[in-house]
Amino acid sequence: MSLKLSGISIAIWCLLSLTTFVKEKTIIKVTKNDLISIVILSLLYIFYIGNYLFTLDVILIKKLETCLSFLVLPLFIILNKSNISKNTLNYSLVGFFMANTILALISWFKIFQTGFFKMLNDNNYYQPVFRNIFSDTTNIHLPYLGLFYVFSIFIGIYSIQREYRKYTIAIRSIIFLICILLFISMLFFTARMALLSFIIVFIYWAFKSFQNKRLFASLFISLVLLTSIIVLLTPMKERIFEAIHTKFELPSEKLNDQSEHVNFRYGILYCSINVIKNNWLIGVGKNNVQRKLDECYDGFTYNNYDDFKQTQYNSHNQYIDLWIAYGILGMVPLTISFFFGFSINNNLLYNIFLLLIFLALLTENIFDRQLGVIFFTFFNSLFFITKTK
């Protein structure tokens with residue numbers, strides 16, 4: 001959905017939730033633990049509100065609007081917890097799995113319509129045709145799409161694992177083929193962090209699922225070999241070689257005509273650390289994060305269509321972003337969220353979800369986009385309330 005449509009959908013959902021809450025008088029069922037849960041699940045949004053009240057900066061109003069789901073989703077899910085069961089979570093997971101499958105199928109239909117081998121031949125750094133197809137078709141920022149596809153793959157793996165005897169061979173085969181489709185799609189739009197996350201989480205899943213060390217070792221070796229072969233046959237190969245050969249040097253004028261060799265991430269990390277060094281205790285406030293980074297970027301002499309003046313580069317790390325904004329205390333909301341998530345449950349899929357989010361936040365500001373906020377808060381709240389009930 002577009003930003004506007006998803007906003008309208010959330011508003012309608014909130015209205016219906018409020019109607020249910022009033023009609024069924026569930027206020028009398030709200031406990032102290034429910035209120036604590038709401039605070040825990042929406043703690044980051046409470047930080048944003050406090051920042052706005054302290055500075056009254058109008059820039060933060062847009063941030064509060066973008067991240068409103070941090071508050072309303074856990075609030076209404078917990079207030080209407082009597083209407084939420086494991087089936088609610090299961091149907092949502094199946095719906096998410098099928099939605100991503102449909103997006104992948106539509107993207108591949110367009111690829112074969114254009115000509116697969118032609119695109120394979122045309123694909124390069126300056127013309128990433130596969131990335132463009134997936135991006136334009138789904139209208140989703142590709143690091144997010146990679147995260148969604150990896151989570152969908154583990155939804156499929158987990159469902160086969162849990163319902164192995166219940167599912168027929170045909171159903172298991174279909175789910176497995178969909179997982180392969182999503183994995184290959186991820187390699188073709190070259191989501192490097194998604195691939196790394198998949199490998200790490202797959203090892204975690206295998207370790208938790210199989211007590212037999214030989215079986216675990218066999219799965220690990222098979223994963224490495226299979227992934228290596230597939231990577232070498234897809235555009236992911238160029239992206240990985242690019243990462244391996246990229247030098248750790250700041251963007252400068254000597255790279256003006258070699259955009260593919262510029263290590264943007266290193267420049268971003270360099271400036272992020274510099275800002276933290278000077279403001280590590282109390283931060284600069286969420287409204288000043290980008291301005292402080294831009295001031296540091298001004299020192300880079302690299303000049304091209306993708307330089308730091310043409311494009312606004314955020315910190316590309318949610319933990320660093322929060323540290324710059326709120327100082328050392330900025331790490332508290334996420335620390336509490338992950339701690340409570342892991343501590344209250346023995347649900348393997350919930351742990352996989354949290355681990356994927358934890359890894360994704362290392363290379364993207366997932367919570368700077370409404371899509372990332374909704375994805376995390378919706379499933380985190382459902383997993384959380386399903387377990388605490």
# chains A, B, ... in the order shown; residues from 1 in each chain; ligands from 1
call {"tool": "select_by_dssp", "arguments": {"residues": "stretch 149-186 of chain A", "states": "alpha helix (DSSP H)", "output": "count of residues only"}}
result
32
call {"tool": "residues_around", "arguments": {"residues": "A:Glu253", "least_positions_apart": "3", "cutoff": "7 Å", "atoms": "only C-alpha atoms", "output": "list in words"}}
result
Asn256, Thr301, Tyr302 and Asn303 of chain A
call {"tool": "closest_residue", "arguments": {"among": "A:Cys67, A:Ile221, A:Val275, A:Ile106", "to": "A:Phe134", "atoms": "only C-alpha atoms"}}
result
A:Ile106
call {"tool": "closest_atom_pairs", "arguments": {"of": "stretch 350-382 of chain A", "to": "stretch 147-161 of chain A", "cutoff": "9 Å", "atoms": "only C-alpha atoms", "output": "JSON lines"}}
result
{"residue": "A:Ile352", "atom": "CA", "partner": "A:Phe154", "partner_atom": "CA", "distance": 7.9}
{"residue": "A:Phe353", "atom": "CA", "partner": "A:Phe151", "partner_atom": "CA", "distance": 6.8}
{"residue": "A:Leu356", "atom": "CA", "partner": "A:Leu147", "partner_atom": "CA", "distance": 7.4}
{"residue": "A:Ile357", "atom": "CA", "partner": "A:Leu147", "partner_atom": "CA", "distance": 8.1}
{"residue": "A:Ala360", "atom": "CA", "partner": "A:Leu147", "partner_atom": "CA", "distance": 7.2}
{"residue": "A:Phe375", "atom": "CA", "partner": "A:Phe148", "partner_atom": "CA", "distance": 8.7}
call {"tool": "write_last_selection", "arguments": {"atoms": "N, CA, C and O atoms", "output": "PDB file, in the first residue's frame"}}
result
ATOM      1  N   ILE A 352      13.064 -15.828  16.273  1.00  0.00           N
ATOM      2  CA  ILE A 352      13.593 -15.598  14.925  1.00  0.00           C
ATOM      3  C   ILE A 352      13.232 -14.193  14.454  1.00  0.00           C
ATOM      4  O   ILE A 352      14.066 -13.477  13.896  1.00  0.00           O
ATOM      5  N   PHE A 353      11.987 -13.799  14.685  1.00  0.00           N
ATOM      6  CA  PHE A 353      11.527 -12.458  14.308  1.00  0.00           C
ATOM      7  C   PHE A 353      12.371 -11.386  14.990  1.00  0.00           C
ATOM      8  O   PHE A 353      12.861 -10.446  14.347  1.00  0.00           O
ATOM      9  N   LEU A 356      15.930 -11.286  13.598  1.00  0.00           N
ATOM     10  CA  LEU A 356      15.964 -10.648  12.280  1.00  0.00           C
ATOM     11  C   LEU A 356      15.892  -9.121  12.412  1.00  0.00           C
ATOM     12  O   LEU A 356      16.611  -8.400  11.717  1.00  0.00           O
ATOM     13  N   ILE A 357      15.028  -8.639  13.288  1.00  0.00           N
ATOM     14  CA  ILE A 357      14.913  -7.195  13.519  1.00  0.00           C
ATOM     15  C   ILE A 357      16.215  -6.653  14.108  1.00  0.00           C
ATOM     16  O   ILE A 357      16.726  -5.613  13.672  1.00  0.00           O
ATOM     17  N   ALA A 360      18.668  -6.433  11.304  1.00  0.00           N
ATOM     18  CA  ALA A 360      18.286  -5.423  10.306  1.00  0.00           C
ATOM     19  C   ALA A 360      18.606  -4.014  10.786  1.00  0.00           C
ATOM     20  O   ALA A 360      18.997  -3.146   9.991  1.00  0.00           O
ATOM     21  N   PHE A 375       5.482  -3.007  10.462  1.00  0.00           N
ATOM     22  CA  PHE A 375       5.921  -4.406  10.419  1.00  0.00           C
ATOM     23  C   PHE A 375       6.383  -4.879  11.798  1.00  0.00           C
ATOM     24  O   PHE A 375       5.940  -5.924  12.295  1.00  0.00           O
TER      25      PHE A 375
END
call {"tool": "closest_atom_pairs", "arguments": {"of": "stretch 218-261 of chain A", "to": "stretch 266-272 of chain A", "cutoff": "8 Å", "atoms": "only C-alpha atoms", "output": "CSV"}}
result
residue,atom,partner,partner_atom,distance
A:Phe248,CA,A:Tyr266,CA,6.4
A:Glu249,CA,A:Tyr266,CA,7.1
A:Leu250,CA,A:Gly267,CA,5.3
A:Pro251,CA,A:Gly267,CA,6.5
call {"tool": "residues_around", "arguments": {"residues": "A:Ile324", "least_positions_apart": "5", "cutoff": "10 Å", "atoms": "only C-alpha atoms", "output": "MDAnalysis selection string"}}
result
chainID A and resid 272:286 288:290 292:293 315 318:319 330
call {"tool": "write_last_selection", "arguments": {"atoms": "N, CA, C and O atoms", "output": "tab-separated table (two decimals), in the first residue's frame"}}
result
chain	number	residue	atom	x	y	z
A	272	SER	N	29.02	9.44	11.84
A	272	SER	CA	28.16	9.05	12.97
A	272	SER	C	28.97	8.95	14.25
A	272	SER	O	28.56	9.44	15.31
A	273	ILE	N	30.14	8.31	14.15
A	273	ILE	CA	30.99	8.16	15.34
A	273	ILE	C	31.50	9.52	15.82
A	273	ILE	O	31.57	9.78	17.03
A	274	ASN	N	31.83	10.41	14.88
A	274	ASN	CA	32.28	11.74	15.26
A	274	ASN	C	31.21	12.51	16.03
A	274	ASN	O	31.49	13.19	17.03
A	275	VAL	N	29.95	12.40	15.56
A	275	VAL	CA	28.86	13.09	16.24
A	275	VAL	C	28.64	12.49	17.63
A	275	VAL	O	28.42	13.21	18.61
A	276	ILE	N	28.72	11.16	17.73
A	276	ILE	CA	28.54	10.50	19.03
A	276	ILE	C	29.64	10.91	20.01
A	276	ILE	O	29.37	11.16	21.19
A	277	LYS	N	30.87	11.01	19.53
A	277	LYS	CA	32.00	11.39	20.40
A	277	LYS	C	31.74	12.71	21.12
A	277	LYS	O	32.08	12.89	22.29
A	278	ASN	N	31.12	13.64	20.40
A	278	ASN	CA	30.87	14.97	20.97
A	278	ASN	C	29.55	15.07	21.73
A	278	ASN	O	29.32	16.06	22.43
A	279	ASN	N	28.69	14.05	21.59
A	279	ASN	CA	27.36	14.14	22.22
A	279	ASN	C	26.92	12.78	22.78
A	279	ASN	O	25.74	12.45	22.74
A	280	TRP	N	27.87	12.00	23.30
A	280	TRP	CA	27.57	10.62	23.68
A	280	TRP	C	26.63	10.50	24.88
A	280	TRP	O	25.92	9.51	25.02
A	281	LEU	N	26.60	11.52	25.73
A	281	LEU	CA	25.83	11.40	26.98
A	281	LEU	C	24.35	11.74	26.80
A	281	LEU	O	23.48	10.94	27.15
A	282	ILE	N	24.05	12.92	26.25
A	282	ILE	CA	22.64	13.35	26.16
A	282	ILE	C	22.15	13.47	24.72
A	282	ILE	O	20.97	13.73	24.49
A	283	GLY	N	23.02	13.30	23.75
A	283	GLY	CA	22.60	13.35	22.35
A	283	GLY	C	22.31	14.75	21.86
A	283	GLY	O	22.49	15.74	22.58
A	284	VAL	N	21.82	14.84	20.63
A	284	VAL	CA	21.55	16.13	20.01
A	284	VAL	C	20.06	16.36	19.78
A	284	VAL	O	19.66	17.42	19.29
A	285	GLY	N	19.23	15.37	20.12
A	285	GLY	CA	17.80	15.47	19.85
A	285	GLY	C	17.48	14.90	18.48
A	285	GLY	O	18.25	15.08	17.53
A	286	LYS	N	16.36	14.23	18.35
A	286	LYS	CA	16.00	13.58	17.09
A	286	LYS	C	15.91	14.57	15.94
A	286	LYS	O	16.27	14.26	14.80
A	288	ASN	N	17.75	17.05	15.35
A	288	ASN	CA	19.04	17.58	14.91
A	288	ASN	C	20.00	16.52	14.35
A	288	ASN	O	21.12	16.85	13.95
A	289	VAL	N	19.57	15.27	14.33
A	289	VAL	CA	20.46	14.18	13.92
A	289	VAL	C	20.97	14.38	12.50
A	289	VAL	O	22.18	14.38	12.25
A	290	GLN	N	20.06	14.59	11.54
A	290	GLN	CA	20.47	14.71	10.14
A	290	GLN	C	21.32	15.95	9.91
A	290	GLN	O	22.28	15.93	9.13
A	292	LYS	N	23.40	17.40	12.00
A	292	LYS	CA	24.75	17.14	12.50
A	292	LYS	C	25.53	16.24	11.55
A	292	LYS	O	26.73	16.45	11.32
A	293	LEU	N	24.86	15.23	11.00
A	293	LEU	CA	25.53	14.36	10.04
A	293	LEU	C	25.91	15.13	8.77
A	293	LEU	O	27.02	14.98	8.25
A	315	SER	N	22.04	7.65	9.21
A	315	SER	CA	23.12	6.89	9.85
A	315	SER	C	23.15	5.43	9.41
A	315	SER	O	24.14	4.74	9.64
A	318	GLN	N	20.08	1.87	13.23
A	318	GLN	CA	19.08	2.39	14.16
A	318	GLN	C	19.65	2.64	15.55
A	318	GLN	O	19.28	3.59	16.23
A	319	TYR	N	20.58	1.79	15.97
A	319	TYR	CA	21.18	1.95	17.29
A	319	TYR	C	22.01	3.23	17.36
A	319	TYR	O	21.91	4.00	18.33
A	330	GLY	N	19.36	6.56	24.78
A	330	GLY	CA	18.63	6.19	23.58
A	330	GLY	C	18.63	4.69	23.32
A	330	GLY	O	17.79	4.19	22.56
call {"tool": "residues_around", "arguments": {"residues": "A:Met119", "least_positions_apart": "3", "cutoff": "12 Å", "atoms": "only C-alpha atoms", "output": "ChimeraX atom specification"}}
result
/A:108,110-116,122-124,127-133,188,234-235
call {"tool": "closest_residue", "arguments": {"among": "A:Val373, A:Ile174, A:Ile230, A:Leu223", "to": "A:Lys63", "atoms": "only C-alpha atoms"}}
result
A:Val373
call {"tool": "residues_around", "arguments": {"residues": "A:Arg192", "least_positions_apart": "2", "cutoff": "10 Å", "atoms": "only C-alpha atoms", "output": "VMD selection string"}}
result
chain A and resid 143 146 186 to 187 189 to 190 194 to 198 236 to 237 239 to 240 243
call {"tool": "residues_around", "arguments": {"residues": "A:Leu181", "least_positions_apart": "4", "cutoff": "8 Å", "atoms": "only C-alpha atoms", "output": "mmCIF file with C-alpha atoms, in the first residue's frame"}}
result
data_model
loop_
_atom_site.group_PDB
_atom_site.id
_atom_site.type_symbol
_atom_site.label_atom_id
_atom_site.label_comp_id
_atom_site.auth_asym_id
_atom_site.auth_seq_id
_atom_site.Cartn_x
_atom_site.Cartn_y
_atom_site.Cartn_z
ATOM 1 C CA ALA A 104 7.488 -12.126 -5.819
ATOM 2 C CA LEU A 177 9.041 -24.126 -3.369
ATOM 3 C CA SER A 185 14.269 -13.368 -5.465
#
call {"tool": "closest_residue", "arguments": {"among": "A:Phe300, A:Phe21, A:Tyr305, A:Trp323", "to": "A:Ser82", "atoms": "only C-alpha atoms"}}
result
A:Phe21
call {"tool": "atom_distance", "arguments": {"atom1": "atom CA of A:Ile320", "atom2": "atom CA of A:Tyr45"}}
result
17.0 Å
call {"tool": "atom_distance", "arguments": {"atom1": "atom CA of A:Val224", "atom2": "atom CA of A:Val262"}}
result
29.0 Å
call {"tool": "atom_distance", "arguments": {"atom1": "atom CA of A:Leu71", "atom2": "atom CA of A:Ser42"}}
result
5.1 Å
call {"tool": "closest_residue", "arguments": {"among": "A:Thr168, A:Asn212, A:Asn100, A:Ser37", "to": "A:Tyr144", "atoms": "only C-alpha atoms"}}
result
A:Asn100
call {"tool": "closest_residue", "arguments": {"among": "A:Ile61, A:Leu18, A:Ile40, A:Leu182", "to": "A:Ile336", "atoms": "only C-alpha atoms"}}
result
A:Ile40
call {"tool": "decode", "arguments": {"residues": "stretch 331-370 of chain A", "atoms": "N, CA and C atoms", "output": "PDB file, in the first residue's frame"}}
result
ATOM      1  N   MET A 331      19.576   3.985  23.931  1.00  0.00           N
ATOM      2  CA  MET A 331      19.644   2.537  23.749  1.00  0.00           C
ATOM      3  C   MET A 331      18.648   1.794  24.633  1.00  0.00           C
ATOM      4  N   VAL A 332      18.064   2.501  25.599  1.00  0.00           N
ATOM      5  CA  VAL A 332      17.175   1.853  26.574  1.00  0.00           C
ATOM      6  C   VAL A 332      15.923   1.242  25.937  1.00  0.00           C
ATOM      7  N   PRO A 333      15.169   1.981  25.075  1.00  0.00           N
ATOM      8  CA  PRO A 333      13.920   1.414  24.533  1.00  0.00           C
ATOM      9  C   PRO A 333      14.118   0.102  23.797  1.00  0.00           C
ATOM     10  N   LEU A 334      15.116   0.044  22.910  1.00  0.00           N
ATOM     11  CA  LEU A 334      15.330  -1.185  22.143  1.00  0.00           C
ATOM     12  C   LEU A 334      15.855  -2.306  23.035  1.00  0.00           C
ATOM     13  N   THR A 335      16.715  -1.954  23.982  1.00  0.00           N
ATOM     14  CA  THR A 335      17.250  -2.963  24.907  1.00  0.00           C
ATOM     15  C   THR A 335      16.121  -3.616  25.685  1.00  0.00           C
ATOM     16  N   ILE A 336      15.203  -2.796  26.194  1.00  0.00           N
ATOM     17  CA  ILE A 336      14.062  -3.316  26.957  1.00  0.00           C
ATOM     18  C   ILE A 336      13.156  -4.152  26.058  1.00  0.00           C
ATOM     19  N   SER A 337      12.891  -3.657  24.838  1.00  0.00           N
ATOM     20  CA  SER A 337      12.013  -4.389  23.916  1.00  0.00           C
ATOM     21  C   SER A 337      12.568  -5.773  23.604  1.00  0.00           C
ATOM     22  N   PHE A 338      13.860  -5.845  23.283  1.00  0.00           N
ATOM     23  CA  PHE A 338      14.463  -7.140  22.947  1.00  0.00           C
ATOM     24  C   PHE A 338      14.561  -8.036  24.180  1.00  0.00           C
ATOM     25  N   PHE A 339      14.900  -7.432  25.327  1.00  0.00           N
ATOM     26  CA  PHE A 339      15.046  -8.221  26.555  1.00  0.00           C
ATOM     27  C   PHE A 339      13.714  -8.872  26.937  1.00  0.00           C
ATOM     28  N   PHE A 340      12.648  -8.075  26.950  1.00  0.00           N
ATOM     29  CA  PHE A 340      11.345  -8.622  27.315  1.00  0.00           C
ATOM     30  C   PHE A 340      10.854  -9.611  26.272  1.00  0.00           C
ATOM     31  N   GLY A 341      11.116  -9.311  24.992  1.00  0.00           N
ATOM     32  CA  GLY A 341      10.685 -10.233  23.940  1.00  0.00           C
ATOM     33  C   GLY A 341      11.319 -11.602  24.086  1.00  0.00           C
ATOM     34  N   PHE A 342      12.636 -11.640  24.301  1.00  0.00           N
ATOM     35  CA  PHE A 342      13.333 -12.920  24.435  1.00  0.00           C
ATOM     36  C   PHE A 342      13.037 -13.602  25.768  1.00  0.00           C
ATOM     37  N   SER A 343      12.827 -12.809  26.831  1.00  0.00           N
ATOM     38  CA  SER A 343      12.711 -13.383  28.169  1.00  0.00           C
ATOM     39  C   SER A 343      11.342 -14.005  28.447  1.00  0.00           C
ATOM     40  N   ILE A 344      10.267 -13.488  27.805  1.00  0.00           N
ATOM     41  CA  ILE A 344       8.934 -13.977  28.155  1.00  0.00           C
ATOM     42  C   ILE A 344       8.514 -15.183  27.342  1.00  0.00           C
ATOM     43  N   ASN A 345       9.317 -15.596  26.360  1.00  0.00           N
ATOM     44  CA  ASN A 345       8.783 -16.617  25.464  1.00  0.00           C
ATOM     45  C   ASN A 345       9.788 -17.708  25.139  1.00  0.00           C
ATOM     46  N   ASN A 346       9.228 -18.846  24.732  1.00  0.00           N
ATOM     47  CA  ASN A 346      10.025 -19.932  24.184  1.00  0.00           C
ATOM     48  C   ASN A 346       9.523 -20.261  22.779  1.00  0.00           C
ATOM     49  N   ASN A 347       8.902 -19.268  22.145  1.00  0.00           N
ATOM     50  CA  ASN A 347       8.379 -19.420  20.790  1.00  0.00           C
ATOM     51  C   ASN A 347       9.522 -19.202  19.811  1.00  0.00           C
ATOM     52  N   LEU A 348       9.891 -20.248  19.100  1.00  0.00           N
ATOM     53  CA  LEU A 348      11.043 -20.172  18.206  1.00  0.00           C
ATOM     54  C   LEU A 348      10.847 -19.123  17.118  1.00  0.00           C
ATOM     55  N   LEU A 349       9.641 -19.037  16.555  1.00  0.00           N
ATOM     56  CA  LEU A 349       9.406 -18.070  15.480  1.00  0.00           C
ATOM     57  C   LEU A 349       9.474 -16.633  16.000  1.00  0.00           C
ATOM     58  N   TYR A 350       9.013 -16.393  17.218  1.00  0.00           N
ATOM     59  CA  TYR A 350       9.118 -15.053  17.813  1.00  0.00           C
ATOM     60  C   TYR A 350      10.585 -14.680  18.004  1.00  0.00           C
ATOM     61  N   ASN A 351      11.378 -15.633  18.482  1.00  0.00           N
ATOM     62  CA  ASN A 351      12.810 -15.369  18.651  1.00  0.00           C
ATOM     63  C   ASN A 351      13.477 -15.090  17.308  1.00  0.00           C
ATOM     64  N   ILE A 352      13.064 -15.828  16.273  1.00  0.00           N
ATOM     65  CA  ILE A 352      13.593 -15.598  14.925  1.00  0.00           C
ATOM     66  C   ILE A 352      13.232 -14.193  14.454  1.00  0.00           C
ATOM     67  N   PHE A 353      11.987 -13.799  14.685  1.00  0.00           N
ATOM     68  CA  PHE A 353      11.527 -12.458  14.308  1.00  0.00           C
ATOM     69  C   PHE A 353      12.371 -11.386  14.990  1.00  0.00           C
ATOM     70  N   LEU A 354      12.571 -11.519  16.310  1.00  0.00           N
ATOM     71  CA  LEU A 354      13.355 -10.533  17.060  1.00  0.00           C
ATOM     72  C   LEU A 354      14.808 -10.502  16.598  1.00  0.00           C
ATOM     73  N   LEU A 355      15.365 -11.672  16.311  1.00  0.00           N
ATOM     74  CA  LEU A 355      16.751 -11.744  15.851  1.00  0.00           C
ATOM     75  C   LEU A 355      16.901 -11.079  14.483  1.00  0.00           C
ATOM     76  N   LEU A 356      15.930 -11.286  13.598  1.00  0.00           N
ATOM     77  CA  LEU A 356      15.964 -10.648  12.280  1.00  0.00           C
ATOM     78  C   LEU A 356      15.892  -9.121  12.412  1.00  0.00           C
ATOM     79  N   ILE A 357      15.028  -8.639  13.288  1.00  0.00           N
ATOM     80  CA  ILE A 357      14.913  -7.195  13.519  1.00  0.00           C
ATOM     81  C   ILE A 357      16.215  -6.653  14.108  1.00  0.00           C
ATOM     82  N   PHE A 358      16.764  -7.364  15.085  1.00  0.00           N
ATOM     83  CA  PHE A 358      18.018  -6.951  15.711  1.00  0.00           C
ATOM     84  C   PHE A 358      19.120  -6.782  14.668  1.00  0.00           C
ATOM     85  N   LEU A 359      19.217  -7.722  13.736  1.00  0.00           N
ATOM     86  CA  LEU A 359      20.244  -7.671  12.690  1.00  0.00           C
ATOM     87  C   LEU A 359      19.947  -6.575  11.671  1.00  0.00           C
ATOM     88  N   ALA A 360      18.668  -6.433  11.304  1.00  0.00           N
ATOM     89  CA  ALA A 360      18.286  -5.423  10.306  1.00  0.00           C
ATOM     90  C   ALA A 360      18.606  -4.014  10.786  1.00  0.00           C
ATOM     91  N   LEU A 361      18.469  -3.784  12.085  1.00  0.00           N
ATOM     92  CA  LEU A 361      18.713  -2.450  12.641  1.00  0.00           C
ATOM     93  C   LEU A 361      20.194  -2.065  12.598  1.00  0.00           C
ATOM     94  N   LEU A 362      21.061  -3.040  12.358  1.00  0.00           N
ATOM     95  CA  LEU A 362      22.496  -2.753  12.279  1.00  0.00           C
ATOM     96  C   LEU A 362      22.869  -2.011  11.004  1.00  0.00           C
ATOM     97  N   THR A 363      22.069  -2.164   9.940  1.00  0.00           N
ATOM     98  CA  THR A 363      22.427  -1.547   8.655  1.00  0.00           C
ATOM     99  C   THR A 363      21.343  -0.639   8.082  1.00  0.00           C
ATOM    100  N   GLU A 364      20.211  -0.530   8.767  1.00  0.00           N
ATOM    101  CA  GLU A 364      19.134   0.339   8.280  1.00  0.00           C
ATOM    102  C   GLU A 364      18.432   1.021   9.442  1.00  0.00           C
ATOM    103  N   ASN A 365      17.938   2.230   9.187  1.00  0.00           N
ATOM    104  CA  ASN A 365      17.075   2.908  10.163  1.00  0.00           C
ATOM    105  C   ASN A 365      15.639   2.452   9.891  1.00  0.00           C
ATOM    106  N   ILE A 366      15.348   1.230  10.287  1.00  0.00           N
ATOM    107  CA  ILE A 366      14.062   0.604   9.978  1.00  0.00           C
ATOM    108  C   ILE A 366      12.898   1.439  10.487  1.00  0.00           C
ATOM    109  N   PHE A 367      13.077   2.105  11.621  1.00  0.00           N
ATOM    110  CA  PHE A 367      11.979   2.836  12.243  1.00  0.00           C
ATOM    111  C   PHE A 367      11.842   4.273  11.742  1.00  0.00           C
ATOM    112  N   ASP A 368      12.578   4.600  10.695  1.00  0.00           N
ATOM    113  CA  ASP A 368      12.425   5.925  10.094  1.00  0.00           C
ATOM    114  C   ASP A 368      11.349   5.918   9.010  1.00  0.00           C
ATOM    115  N   ARG A 369      10.850   4.734   8.671  1.00  0.00           N
ATOM    116  CA  ARG A 369       9.782   4.602   7.669  1.00  0.00           C
ATOM    117  C   ARG A 369       8.571   3.946   8.308  1.00  0.00           C
ATOM    118  N   GLN A 370       7.390   4.419   7.907  1.00  0.00           N
ATOM    119  CA  GLN A 370       6.151   3.883   8.469  1.00  0.00           C
ATOM    120  C   GLN A 370       6.048   2.380   8.251  1.00  0.00           C
TER     121      GLN A 370
END
